[in-house]
file start.txt (compact mmCIF, C-alpha atoms)
# COMPACT_ATOMS: atom_id res chain seq x y z
CA MET A 1020 22.15 19.98 -4.19
CA ALA A 1021 19.40 17.75 -5.41
CA HIS A 1022 18.84 14.41 -3.73
CA GLN A 1023 20.23 11.50 -5.73
CA LEU A 1024 19.05 7.96 -6.24
CA PRO A 1025 21.92 5.94 -4.79
CA PRO A 1026 23.06 3.08 -7.01
CA LEU A 1027 22.03 -0.36 -5.82
CA PRO A 1028 25.11 -1.75 -3.99
CA TYR A 1029 24.82 -5.07 -5.90
CA ALA A 1030 23.33 -6.45 -9.12
CA PHE A 1031 19.56 -6.70 -9.55
CA ASP A 1032 19.79 -10.50 -9.46
CA ALA A 1033 22.16 -10.65 -6.49
CA LEU A 1034 19.44 -11.44 -3.96
CA GLU A 1035 17.97 -14.30 -5.99
CA PRO A 1036 16.18 -16.55 -5.28
CA HIS A 1037 14.84 -14.73 -2.23
CA ILE A 1038 14.12 -11.47 -4.01
CA ASP A 1039 13.91 -11.69 -7.78
CA ALA A 1040 15.81 -9.45 -10.20
CA LYS A 1041 12.67 -7.94 -11.77
CA THR A 1042 11.34 -6.88 -8.37
CA MET A 1043 14.71 -5.33 -7.47
CA GLU A 1044 14.89 -3.45 -10.76
CA ILE A 1045 11.40 -1.95 -10.51
CA HIS A 1046 11.68 -1.37 -6.78
CA HIS A 1047 14.98 0.51 -7.03
CA ASP A 1048 14.74 2.23 -10.40
CA LYS A 1049 11.02 3.02 -10.49
CA HIS A 1050 9.69 3.21 -6.94
CA HIS A 1051 12.78 4.61 -5.21
CA GLY A 1052 13.58 6.67 -8.31
CA ALA A 1053 10.12 8.26 -8.23
CA TYR A 1054 10.44 9.16 -4.54
CA VAL A 1055 13.70 10.99 -5.28
CA THR A 1056 12.22 12.77 -8.31
CA ASN A 1057 9.08 13.80 -6.40
CA LEU A 1058 11.13 14.96 -3.40
CA ASN A 1059 13.35 17.15 -5.56
CA ALA A 1060 10.32 18.56 -7.37
CA ALA A 1061 8.71 19.50 -4.05
CA LEU A 1062 11.90 21.23 -2.87
CA GLU A 1063 12.38 23.13 -6.13
CA LYS A 1064 10.71 26.29 -4.88
CA HIS A 1065 12.32 26.06 -1.45
CA PRO A 1066 16.06 26.68 -1.92
CA ASN A 1067 16.57 27.05 1.83
CA LEU A 1068 15.62 23.38 2.28
CA GLN A 1069 17.69 22.02 -0.58
CA ASN A 1070 20.93 21.69 1.36
CA LYS A 1071 19.37 19.82 4.25
CA SER A 1072 19.99 16.11 4.51
CA ILE A 1073 17.00 13.85 4.19
CA GLU A 1074 17.41 12.94 7.86
CA ALA A 1075 17.31 16.61 8.90
CA LEU A 1076 14.26 17.30 6.71
CA LEU A 1077 12.26 14.46 8.21
CA LYS A 1078 13.42 15.04 11.77
CA GLU A 1079 12.12 18.58 11.57
CA ILE A 1080 9.15 17.81 9.34
CA THR A 1081 6.94 20.34 11.15
CA SER A 1082 9.25 23.13 10.03
CA VAL A 1083 8.77 22.16 6.37
CA PRO A 1084 6.18 24.48 4.77
CA GLU A 1085 2.72 22.98 4.95
CA GLU A 1086 2.17 23.07 1.18
CA ILE A 1087 4.95 20.52 0.64
CA ARG A 1088 4.99 18.80 4.05
CA THR A 1089 3.02 15.69 3.09
CA THR A 1090 4.96 15.32 -0.17
CA VAL A 1091 8.28 15.58 1.70
CA ARG A 1092 7.10 13.19 4.39
CA ASN A 1093 5.96 10.59 1.83
CA ASN A 1094 8.66 10.93 -0.79
CA GLY A 1095 11.49 11.92 1.54
CA GLY A 1096 10.50 9.00 3.74
CA GLY A 1097 10.46 6.73 0.69
CA HIS A 1098 13.96 7.94 -0.22
CA MET A 1099 15.41 7.46 3.28
CA ASN A 1100 13.70 4.10 3.87
CA HIS A 1101 14.78 2.56 0.60
CA THR A 1102 18.35 3.89 0.87
CA MET A 1103 18.73 1.97 4.12
CA PHE A 1104 16.80 -1.04 2.81
CA TRP A 1105 19.27 -1.66 -0.04
CA GLN A 1106 22.19 -1.45 2.38
CA ILE A 1107 20.84 -3.72 5.08
CA MET A 1108 20.42 -6.47 2.50
CA ALA A 1109 23.25 -8.22 0.68
CA PRO A 1110 23.99 -11.32 -1.37
CA LYS A 1111 25.45 -14.24 0.59
CA ALA A 1112 24.11 -12.70 3.77
CA GLY A 1113 21.53 -13.83 6.32
CA GLY A 1114 22.50 -15.95 9.28
CA GLU A 1115 22.70 -14.37 12.69
CA PRO A 1116 24.20 -11.18 14.12
CA THR A 1117 27.28 -11.40 16.30
CA GLY A 1118 29.00 -9.33 18.97
CA ALA A 1119 27.38 -6.35 20.64
CA LEU A 1120 24.33 -6.42 18.36
CA ALA A 1121 23.67 -10.08 19.14
CA ASP A 1122 23.98 -9.31 22.85
CA ALA A 1123 21.57 -6.38 22.58
CA ILE A 1124 19.04 -8.49 20.66
CA ASN A 1125 19.22 -11.25 23.27
CA LYS A 1126 18.89 -8.74 26.08
CA SER A 1127 15.97 -6.87 24.50
CA PHE A 1128 13.98 -9.79 23.10
CA GLY A 1129 15.19 -12.87 25.00
CA SER A 1130 16.64 -14.59 21.95
CA PHE A 1131 17.33 -14.11 18.27
CA ALA A 1132 14.42 -16.43 17.47
CA ALA A 1133 12.06 -14.32 19.61
CA PHE A 1134 13.28 -11.16 17.89
CA LYS A 1135 12.70 -12.67 14.44
CA GLU A 1136 9.23 -13.72 15.43
CA GLN A 1137 8.35 -10.25 16.73
CA LEU A 1138 9.67 -8.41 13.68
CA ALA A 1139 7.83 -10.80 11.34
CA LYS A 1140 4.65 -10.29 13.37
CA ALA A 1141 5.01 -6.52 13.09
CA GLY A 1142 5.45 -6.85 9.33
CA MET A 1143 2.47 -9.18 8.99
CA GLY A 1144 0.33 -6.99 11.19
CA ARG A 1145 0.88 -3.82 9.16
CA PHE A 1146 -2.41 -3.49 7.31
CA GLY A 1147 -1.93 -1.86 3.91
CA SER A 1148 1.48 -0.45 3.00
CA GLY A 1149 4.34 0.15 5.41
CA TRP A 1150 7.44 -1.04 7.18
CA ALA A 1151 8.49 -3.01 10.26
CA TRP A 1152 11.55 -1.64 12.05
CA LEU A 1153 14.24 -2.51 14.56
CA ILE A 1154 14.73 0.65 16.63
CA ASN A 1155 17.85 1.47 18.61
CA ASN A 1156 17.35 3.66 21.65
CA GLY A 1157 20.82 4.01 23.18
CA GLY A 1158 21.51 0.28 23.05
CA LYS A 1159 17.98 -0.81 23.99
CA LEU A 1160 16.24 -2.34 20.99
CA SER A 1161 12.54 -2.40 20.16
CA ILE A 1162 10.27 -3.22 17.24
CA GLU A 1163 7.81 -0.86 15.63
CA SER A 1164 5.82 -0.64 12.46
CA THR A 1165 4.87 2.45 10.48
CA ALA A 1166 2.36 3.08 7.72
CA ASN A 1167 3.27 4.02 4.15
CA GLN A 1168 6.72 5.62 3.96
CA ASP A 1169 6.88 7.09 7.45
CA ASN A 1170 10.37 6.73 8.87
CA PRO A 1171 10.72 6.43 12.67
CA ILE A 1172 12.93 9.55 12.55
CA LEU A 1173 9.67 11.54 12.26
CA GLU A 1174 9.32 10.69 15.95
CA GLY A 1175 13.02 11.10 16.68
CA LYS A 1176 13.68 7.35 16.65
CA ILE A 1177 16.61 5.63 14.97
CA ALA A 1178 15.90 2.55 12.86
CA ILE A 1179 18.84 0.22 12.23
CA LEU A 1180 16.89 -2.36 10.23
CA GLY A 1181 13.66 -2.27 8.29
CA VAL A 1182 11.62 -4.67 6.21
CA ASP A 1183 9.52 -3.16 3.46
CA VAL A 1184 6.01 -4.66 3.47
CA TRP A 1185 4.52 -2.59 0.67
CA GLU A 1186 3.07 -5.05 -1.81
CA HIS A 1187 5.51 -3.76 -4.47
CA ALA A 1188 8.36 -5.26 -2.38
CA TYR A 1189 7.14 -8.80 -2.93
CA TYR A 1190 4.12 -9.08 -5.22
CA LEU A 1191 5.81 -10.31 -8.41
CA LYS A 1192 7.34 -13.31 -6.65
CA TYR A 1193 5.14 -13.89 -3.60
CA GLN A 1194 1.79 -12.30 -4.59
CA ASN A 1195 -0.46 -12.25 -1.51
CA ARG A 1196 1.96 -14.39 0.55
CA ARG A 1197 3.64 -11.71 2.62
CA ALA A 1198 4.65 -14.26 5.28
CA ASP A 1199 6.68 -16.22 2.72
CA TYR A 1200 8.43 -13.03 1.60
CA ILE A 1201 9.40 -12.12 5.17
CA ALA A 1202 10.62 -15.68 5.81
CA ALA A 1203 12.81 -15.48 2.69
CA TRP A 1204 13.98 -11.94 3.50
CA TRP A 1205 15.93 -13.18 6.55
CA ASN A 1206 18.27 -14.91 4.10
CA VAL A 1207 19.45 -11.59 2.68
CA VAL A 1208 19.77 -9.50 5.85
CA ASN A 1209 23.21 -7.88 5.98
CA TRP A 1210 23.98 -8.17 9.69
CA ALA A 1211 27.39 -6.54 9.29
CA GLU A 1212 25.67 -3.36 8.07
CA VAL A 1213 23.05 -3.51 10.82
CA ALA A 1214 25.83 -3.94 13.40
CA LYS A 1215 27.59 -0.89 11.95
CA ARG A 1216 24.42 1.14 12.33
CA PHE A 1217 23.94 -0.19 15.87
CA THR A 1218 27.35 1.04 17.00
CA ALA A 1219 27.24 4.32 15.03
CA LYS A 1220 26.98 7.39 17.22
CA MET B 850 -23.79 -15.25 10.77
CA GLU B 851 -21.31 -16.50 8.26
CA HIS B 852 -20.31 -14.08 5.55
CA LYS B 853 -19.81 -15.47 2.07
CA LEU B 854 -17.50 -14.52 -0.74
CA PRO B 855 -19.96 -13.39 -3.41
CA ALA B 856 -19.61 -14.92 -6.86
CA LEU B 857 -17.57 -12.84 -9.29
CA PRO B 858 -20.12 -11.24 -11.66
CA TYR B 859 -18.14 -12.40 -14.74
CA ALA B 860 -15.47 -14.94 -15.70
CA LYS B 861 -11.94 -14.45 -14.37
CA ASP B 862 -10.62 -13.68 -17.84
CA ALA B 863 -13.51 -11.40 -18.81
CA LEU B 864 -11.70 -8.13 -18.08
CA ALA B 865 -8.58 -9.02 -20.08
CA PRO B 866 -6.49 -7.44 -21.47
CA HIS B 867 -7.19 -4.54 -19.10
CA ILE B 868 -7.10 -6.71 -16.00
CA SER B 869 -5.64 -10.18 -16.47
CA ALA B 870 -7.16 -13.46 -15.31
CA GLU B 871 -4.04 -13.93 -13.17
CA THR B 872 -4.70 -10.68 -11.32
CA ILE B 873 -8.34 -11.65 -10.74
CA GLU B 874 -7.21 -15.10 -9.62
CA TYR B 875 -5.23 -13.53 -6.77
CA HIS B 876 -7.31 -10.45 -6.16
CA TYR B 877 -10.64 -12.23 -5.93
CA GLY B 878 -9.51 -15.77 -5.14
CA LYS B 879 -6.92 -14.85 -2.48
CA HIS B 880 -7.22 -11.27 -1.25
CA HIS B 881 -11.01 -10.91 -1.25
CA ALA B 882 -11.49 -14.50 -0.06
CA THR B 883 -9.01 -13.95 2.80
CA TYR B 884 -10.86 -10.85 4.01
CA VAL B 885 -14.07 -12.89 4.15
CA ALA B 886 -12.35 -15.81 5.91
CA ASN B 887 -10.67 -13.51 8.43
CA LEU B 888 -13.95 -11.76 9.15
CA ASN B 889 -15.64 -15.07 9.83
CA LYS B 890 -12.78 -16.01 12.17
CA LEU B 891 -12.91 -12.72 14.07
CA ILE B 892 -16.61 -12.20 14.78
CA PRO B 893 -17.81 -15.31 16.67
CA GLY B 894 -18.49 -14.38 20.29
CA THR B 895 -18.45 -10.65 19.59
CA GLU B 896 -21.28 -8.13 19.32
CA PHE B 897 -20.75 -8.29 15.53
CA GLU B 898 -21.60 -11.98 15.25
CA ASN B 899 -25.15 -11.53 13.99
CA MET B 900 -24.85 -8.20 12.22
CA THR B 901 -25.05 -7.66 8.49
CA LEU B 902 -21.82 -6.77 6.71
CA GLU B 903 -22.95 -3.15 6.38
CA GLU B 904 -23.66 -2.88 10.10
CA ILE B 905 -20.24 -4.30 10.95
CA VAL B 906 -18.51 -1.82 8.63
CA LYS B 907 -20.36 1.05 10.29
CA LYS B 908 -19.73 -0.04 13.88
CA ALA B 909 -16.48 -1.98 14.04
CA THR B 910 -12.90 -0.81 14.41
CA GLY B 911 -9.49 -2.49 14.10
CA GLY B 912 -9.16 -5.89 12.50
CA ILE B 913 -12.89 -6.56 12.29
CA PHE B 914 -13.43 -3.25 10.51
CA ASN B 915 -10.49 -3.85 8.14
CA ASN B 916 -11.71 -7.26 7.04
CA ALA B 917 -15.40 -6.32 6.89
CA ALA B 918 -14.75 -3.11 4.98
CA GLN B 919 -12.39 -4.84 2.56
CA THR B 920 -15.02 -7.53 2.01
CA TRP B 921 -17.58 -4.84 1.18
CA ASN B 922 -15.17 -2.68 -0.86
CA HIS B 923 -14.08 -5.54 -3.09
CA THR B 924 -17.63 -6.66 -3.84
CA PHE B 925 -18.37 -3.05 -4.77
CA TYR B 926 -15.22 -2.95 -6.92
CA TRP B 927 -16.10 -6.11 -8.88
CA ASN B 928 -19.45 -4.56 -9.64
CA SER B 929 -17.80 -1.30 -10.66
CA LEU B 930 -16.19 -3.23 -13.53
CA ALA B 931 -17.77 -5.06 -16.43
CA PRO B 932 -16.49 -6.90 -19.52
CA ASN B 933 -18.55 -4.72 -21.81
CA GLY B 934 -18.00 -1.60 -19.78
CA GLY B 935 -16.31 1.64 -20.62
CA GLY B 936 -17.66 4.47 -22.71
CA GLU B 937 -19.57 7.28 -21.08
CA PRO B 938 -22.45 7.43 -18.63
CA THR B 939 -25.86 8.50 -19.89
CA GLY B 940 -29.05 9.95 -18.49
CA ALA B 941 -29.25 11.19 -14.91
CA LEU B 942 -25.68 10.13 -14.10
CA ALA B 943 -24.25 12.02 -17.09
CA ASP B 944 -26.25 15.08 -16.02
CA ALA B 945 -25.06 14.83 -12.41
CA ILE B 946 -21.43 14.45 -13.51
CA ASN B 947 -21.65 17.44 -15.83
CA LYS B 948 -23.31 19.51 -13.13
CA SER B 949 -20.81 18.59 -10.42
CA PHE B 950 -17.57 18.54 -12.41
CA GLY B 951 -18.28 20.69 -15.48
CA SER B 952 -17.77 17.90 -17.99
CA PHE B 953 -17.14 14.18 -18.25
CA ALA B 954 -13.52 14.89 -19.21
CA ALA B 955 -13.03 17.07 -16.12
CA PHE B 956 -14.57 14.35 -13.93
CA LYS B 957 -12.27 11.69 -15.38
CA GLU B 958 -9.23 13.84 -14.87
CA LYS B 959 -10.12 14.54 -11.25
CA PHE B 960 -11.00 10.93 -10.47
CA ALA B 961 -7.76 9.68 -12.05
CA ALA B 962 -5.71 12.28 -10.14
CA THR B 963 -7.32 11.12 -6.90
CA ALA B 964 -6.66 7.45 -7.71
CA VAL B 965 -3.04 8.08 -8.72
CA GLY B 966 -2.46 10.49 -5.83
CA THR B 967 -3.66 8.15 -3.08
CA PHE B 968 -0.38 7.43 -1.30
CA GLY B 969 0.03 3.84 -0.20
CA SER B 970 -2.91 1.45 -0.28
CA GLY B 971 -6.44 2.71 -0.78
CA TRP B 972 -9.40 3.49 -2.96
CA ALA B 973 -10.83 6.28 -5.13
CA TRP B 974 -14.59 6.80 -4.94
CA LEU B 975 -17.37 8.61 -6.74
CA ILE B 976 -19.87 9.62 -4.09
CA LYS B 977 -23.36 11.15 -4.09
CA ASN B 978 -23.90 13.67 -1.34
CA GLY B 979 -27.18 14.25 0.49
CA ASP B 980 -27.92 17.23 -1.76
CA GLY B 981 -27.45 15.11 -4.89
CA ALA B 982 -24.11 16.65 -5.82
CA LEU B 983 -21.30 14.23 -6.71
CA THR B 984 -17.84 14.30 -5.17
CA ILE B 985 -14.63 12.34 -5.52
CA GLU B 986 -12.90 11.05 -2.44
CA SER B 987 -9.93 8.92 -1.57
CA THR B 988 -9.76 6.48 1.34
CA SER B 989 -6.70 4.75 2.81
CA ASN B 990 -6.35 1.02 3.32
CA ALA B 991 -9.81 -0.39 4.15
CA GLY B 992 -11.42 3.04 4.45
CA THR B 993 -14.86 3.19 2.84
CA PRO B 994 -17.55 5.85 2.36
CA LEU B 995 -20.04 3.43 3.92
CA LYS B 996 -18.35 3.99 7.29
CA ASP B 997 -19.47 7.62 7.25
CA GLY B 998 -22.88 6.81 5.82
CA LYS B 999 -21.90 8.21 2.42
CA HIS B 1000 -23.48 6.89 -0.74
CA ALA B 1001 -20.86 5.43 -3.10
CA LEU B 1002 -21.57 5.14 -6.82
CA LEU B 1003 -18.29 3.74 -8.13
CA THR B 1004 -14.82 2.77 -6.95
CA CYS B 1005 -11.33 2.07 -8.22
CA ASP B 1006 -9.02 -0.07 -6.06
CA VAL B 1007 -5.51 1.36 -5.93
CA TRP B 1008 -3.89 -1.14 -3.59
CA GLU B 1009 -0.81 -2.35 -5.46
CA HIS B 1010 -2.27 -5.87 -5.55
CA ALA B 1011 -5.00 -4.56 -7.88
CA TYR B 1012 -2.54 -3.81 -10.66
CA TYR B 1013 0.99 -4.93 -9.88
CA ILE B 1014 0.96 -8.15 -11.94
CA ASP B 1015 -0.35 -6.31 -15.02
CA TYR B 1016 1.10 -2.82 -14.66
CA ARG B 1017 3.91 -2.99 -12.05
CA ASN B 1018 4.50 0.49 -10.65
CA ALA B 1019 2.52 2.20 -13.44
CA ARG B 1020 -0.65 2.98 -11.51
CA ALA B 1021 -1.65 5.72 -13.94
CA THR B 1022 -1.72 3.20 -16.80
CA TYR B 1023 -3.96 0.91 -14.73
CA VAL B 1024 -6.34 3.79 -14.06
CA GLU B 1025 -6.44 4.53 -17.82
CA ALA B 1026 -7.40 0.89 -18.40
CA PHE B 1027 -10.03 1.13 -15.65
CA TRP B 1028 -12.01 3.54 -17.88
CA LYS B 1029 -12.25 0.84 -20.57
CA ILE B 1030 -14.05 -1.57 -18.24
CA VAL B 1031 -15.87 0.79 -15.89
CA ASN B 1032 -19.47 -0.32 -15.28
CA TRP B 1033 -21.56 2.85 -15.74
CA LYS B 1034 -24.78 0.85 -15.41
CA PHE B 1035 -23.79 -0.07 -11.85
CA ALA B 1036 -23.06 3.58 -11.05
CA GLU B 1037 -26.38 4.63 -12.63
CA THR B 1038 -28.25 2.08 -10.52
CA ASN B 1039 -26.50 3.33 -7.39
CA LEU B 1040 -27.39 6.92 -8.26
CA SER B 1041 -31.07 6.08 -8.51
CA ARG B 1042 -31.13 4.38 -5.10

call {"tool": "encode", "arguments": {"input": "start.txt", "output": "structure tokens"}}
result
Amino acid sequence: MAHQLPPLPYAFDALEPHIDAKTMEIHHDKHHGAYVTNLNAALEKHPNLQNKSIEALLKEITSVPEEIRTTVRNNGGGHMNHTMFWQIMAPKAGGEPTGALADAINKSFGSFAAFKEQLAKAGMGRFGSGWAWLINNGGKLSIESTANQDNPILEGKIAILGVDVWEHAYYLKYQNRRADYIAAWWNVVNWAEVAKRFTAK
Amino acid sequence: MEHKLPALPYAKDALAPHISAETIEYHYGKHHATYVANLNKLIPGTEFENMTLEEIVKKATGGIFNNAAQTWNHTFYWNSLAPNGGGEPTGALADAINKSFGSFAAFKEKFAATAVGTFGSGWAWLIKNGDGALTIESTSNAGTPLKDGKHALLTCDVWEHAYYIDYRNARATYVEAFWKIVNWKFAETNLSR
């Protein structure tokens, strides 16, 4: 079955004023939409790969035929990254995590403030297009950044949170001010969803 | 040695409607200016302190390379555009393009495909090889032909910041507009050097 663009779990303007409606519309419908279209087009001649989940495709990227490997990595990564991105944001969200996730963050980074600082630094330090991630390794958390649409699953790692630092994620509202975008992004982080991903087996 | 943001070779609104004054305001006034400022912050006390920009691009890595190369790339990009640009190349450049790509139309198609197909942030370049033949290459992020000692004739910036205000996600439309303001005289001068 072909991969589908998942509907945005809220209205385009639901993350205002932190992320504007126009950005959400283009980001979801055009950018994410194109990744899904391009992924399906690449898989068209490879029926044996069409029933694999996006996670399975990327996890075993070296077994994807070389002629479509880069396309699957880029567009499949774009699909997986954005699918999570929409879910780990929500209107009326932000604040701080609680429970086991809060404990793990404190244990791994010292404090929530230190974690925020490190993730923001990873996002700011990504030169060009990419993502900054919170990685869960059996309860131990770490921060990484990847270029372009590479998902940490390419290296067998599980991301439970990611901030998109491609310019298309923030340019209409924040232009060159990526730091302002990241600062605002904390206000829409859906910690309940991140906590769910943290405890998922 | 302090590196300077070179003056834009035309007014900020001179490339409109193909590239808006607002885009130039950010692209030149913020992005390009920041690369220059960062470079000047990074080099004091390093071996790069007294080198020319070209030398730094060739020798540096990491943050110094990124900011130096982006300083150089953007200056080259502004010169690759002109308010009265567009049309077709003439003379030796037209001959070289026809010889290397078959026709001007075939060259344009290939260059546009390279620009549109560069995944993420980067650049599309027209390059003259040592044997005089022309090639089209794509570089990622701050990547530049100068790093490998290659002779660039022309470039198109395909970082999203180059076109997002005017064209949003439609990079192909931006590249179409690029042809209307491309500075063939600059490319011709580079070819003759």

call {"tool": "closest_residue", "arguments": {"input": "start.txt", "among": "B:Lys957, B:His1010, B:Arg1020, B:His923", "to": "Leu1191 of chain A", "atoms": "only C-alpha atoms"}}
result
B:His1010

call {"tool": "closest_residue", "arguments": {"input": "start.txt", "among": "A:Gln1168, A:Asn1100, A:Asn1070, A:Asn1209", "to": "chain B", "atoms": "only C-alpha atoms"}}
result
A:Gln1168

call {"tool": "interface_residues", "arguments": {"input": "start.txt", "of": "chain B", "to": "chain A", "cutoff": "10 Å", "atoms": "all atoms listed in the file", "output": "list in words"}}
result
Thr872, Tyr875, His876, Lys879, His880, Thr883, Gly911, Gly912, Asn915, Phe968, Gly969, Ser970, Gly971, Ser989, Asn990, Ala991, Trp1008, Glu1009, His1010, Tyr1013, Ile1014, Asp1015, Arg1017, Asn1018 and Ala1019 of chain B

call {"tool": "residues_around", "arguments": {"input": "start.txt", "residues": "Lys1029 of chain B", "least_positions_apart": "6", "cutoff": "12 Å", "atoms": "all atoms listed in the file", "output": "list in words"}}
result
Leu864, Ala865, Pro866, His867, Ile868, Ser929, Leu930, Ala931, Pro932, Asn933, Gly934, Gly935, Gly936, Glu937, Thr1022 and Tyr1023 of chain B

call {"tool": "atom_distance", "arguments": {"input": "start.txt", "atom1": "atom CA of Ala1211 of chain A", "atom2": "atom CA of His1022 of chain A"}}
result
26.1 Å

call {"tool": "residues_around", "arguments": {"input": "start.txt", "residues": "segment 1127-1140 of chain A", "least_positions_apart": "4", "cutoff": "9 Å", "atoms": "all atoms listed in the file", "output": "PyMOL selection string"}}
result
chain A and resi 1115-1116+1121-1123+1144-1145+1151-1153+1159-1164+1182+1198+1201-1202+1205

call {"tool": "closest_residue", "arguments": {"input": "start.txt", "among": "A:Arg1197, A:Lys1176, A:Arg1088, A:Lys1111", "to": "Ala1141 of chain A", "atoms": "only C-alpha atoms"}}
result
A:Arg1197

call {"tool": "atom_distance", "arguments": {"input": "start.txt", "atom1": "atom CA of Lys1034 of chain B", "atom2": "atom CA of Leu942 of chain B"}}
result
9.4 Å

call {"tool": "closest_residue", "arguments": {"input": "start.txt", "among": "B:Pro893, B:Gly998, B:Pro938, B:Gly878", "to": "Trp1028 of chain B", "atoms": "only C-alpha atoms"}}
result
B:Pro938

call {"tool": "atom_distance", "arguments": {"input": "start.txt", "atom1": "atom CA of Ala1060 of chain A", "atom2": "atom CA of Ala1021 of chain A"}}
result
9.3 Å

call {"tool": "residues_around", "arguments": {"input": "start.txt", "residues": "Gly1158 of chain A", "least_positions_apart": "2", "cutoff": "12 Å", "atoms": "all atoms listed in the file", "output": "list in words"}}
result
Ala1119, Leu1120, Ala1121, Asp1122, Ala1123, Ile1124, Asn1125, Lys1126, Ser1127, Leu1153, Ile1154, Asn1155, Asn1156, Leu1160, Ser1161, Ile1177, Ala1178, Ile1179, Ala1214, Arg1216, Phe1217, Thr1218, Ala1219 and Lys1220 of chain A

call {"tool": "decode", "arguments": {"input": "start.txt", "residues": "segment 1198-1214 of chain A", "atoms": "N, CA and C atoms", "output": "JSON list (two decimals), in the first residue's frame"}}
result
[["chain", "number", "residue", "atom", "x", "y", "z"],
["A", 1198, "ALA", "N", 17.28, 31.12, 16.02],
["A", 1198, "ALA", "CA", 17.25, 31.06, 17.49],
["A", 1198, "ALA", "C", 15.88, 31.47, 18.02],
["A", 1199, "ASP", "N", 15.27, 32.47, 17.40],
["A", 1199, "ASP", "CA", 13.95, 32.93, 17.85],
["A", 1199, "ASP", "C", 12.89, 31.85, 17.59],
["A", 1200, "TYR", "N", 13.04, 31.18, 16.44],
["A", 1200, "TYR", "CA", 12.10, 30.08, 16.12],
["A", 1200, "TYR", "C", 12.21, 28.97, 17.15],
["A", 1201, "ILE", "N", 13.42, 28.57, 17.48],
["A", 1201, "ILE", "CA", 13.59, 27.48, 18.46],
["A", 1201, "ILE", "C", 13.04, 27.91, 19.82],
["A", 1202, "ALA", "N", 13.30, 29.15, 20.20],
["A", 1202, "ALA", "CA", 12.79, 29.65, 21.49],
["A", 1202, "ALA", "C", 11.26, 29.59, 21.52],
["A", 1203, "ALA", "N", 10.63, 29.95, 20.40],
["A", 1203, "ALA", "CA", 9.16, 29.92, 20.32],
["A", 1203, "ALA", "C", 8.64, 28.49, 20.26],
["A", 1204, "TRP", "N", 9.40, 27.61, 19.61],
["A", 1204, "TRP", "CA", 8.98, 26.22, 19.41],
["A", 1204, "TRP", "C", 8.72, 25.50, 20.74],
["A", 1205, "TRP", "N", 9.47, 25.83, 21.78],
["A", 1205, "TRP", "CA", 9.24, 25.19, 23.09],
["A", 1205, "TRP", "C", 7.81, 25.37, 23.56],
["A", 1206, "ASN", "N", 7.15, 26.44, 23.12],
["A", 1206, "ASN", "CA", 5.77, 26.71, 23.55],
["A", 1206, "ASN", "C", 4.75, 25.77, 22.92],
["A", 1207, "VAL", "N", 5.15, 25.01, 21.92],
["A", 1207, "VAL", "CA", 4.19, 24.11, 21.26],
["A", 1207, "VAL", "C", 4.61, 22.64, 21.39],
["A", 1208, "VAL", "N", 5.62, 22.36, 22.19],
["A", 1208, "VAL", "CA", 6.03, 20.96, 22.35],
["A", 1208, "VAL", "C", 4.97, 20.19, 23.15],
["A", 1209, "ASN", "N", 4.57, 19.07, 22.57],
["A", 1209, "ASN", "CA", 3.52, 18.22, 23.15],
["A", 1209, "ASN", "C", 4.18, 17.16, 24.03],
["A", 1210, "TRP", "N", 4.42, 17.52, 25.30],
["A", 1210, "TRP", "CA", 5.17, 16.62, 26.18],
["A", 1210, "TRP", "C", 4.45, 15.31, 26.45],
["A", 1211, "ALA", "N", 3.11, 15.34, 26.39],
["A", 1211, "ALA", "CA", 2.36, 14.10, 26.61],
["A", 1211, "ALA", "C", 2.71, 13.08, 25.51],
["A", 1212, "GLU", "N", 2.82, 13.56, 24.27],
["A", 1212, "GLU", "CA", 3.17, 12.67, 23.16],
["A", 1212, "GLU", "C", 4.63, 12.19, 23.28],
["A", 1213, "VAL", "N", 5.51, 13.09, 23.69],
["A", 1213, "VAL", "CA", 6.92, 12.69, 23.85],
["A", 1213, "VAL", "C", 7.03, 11.64, 24.96],
["A", 1214, "ALA", "N", 6.27, 11.83, 26.04],
["A", 1214, "ALA", "CA", 6.29, 10.88, 27.15],
["A", 1214, "ALA", "C", 5.79, 9.51, 26.69]]
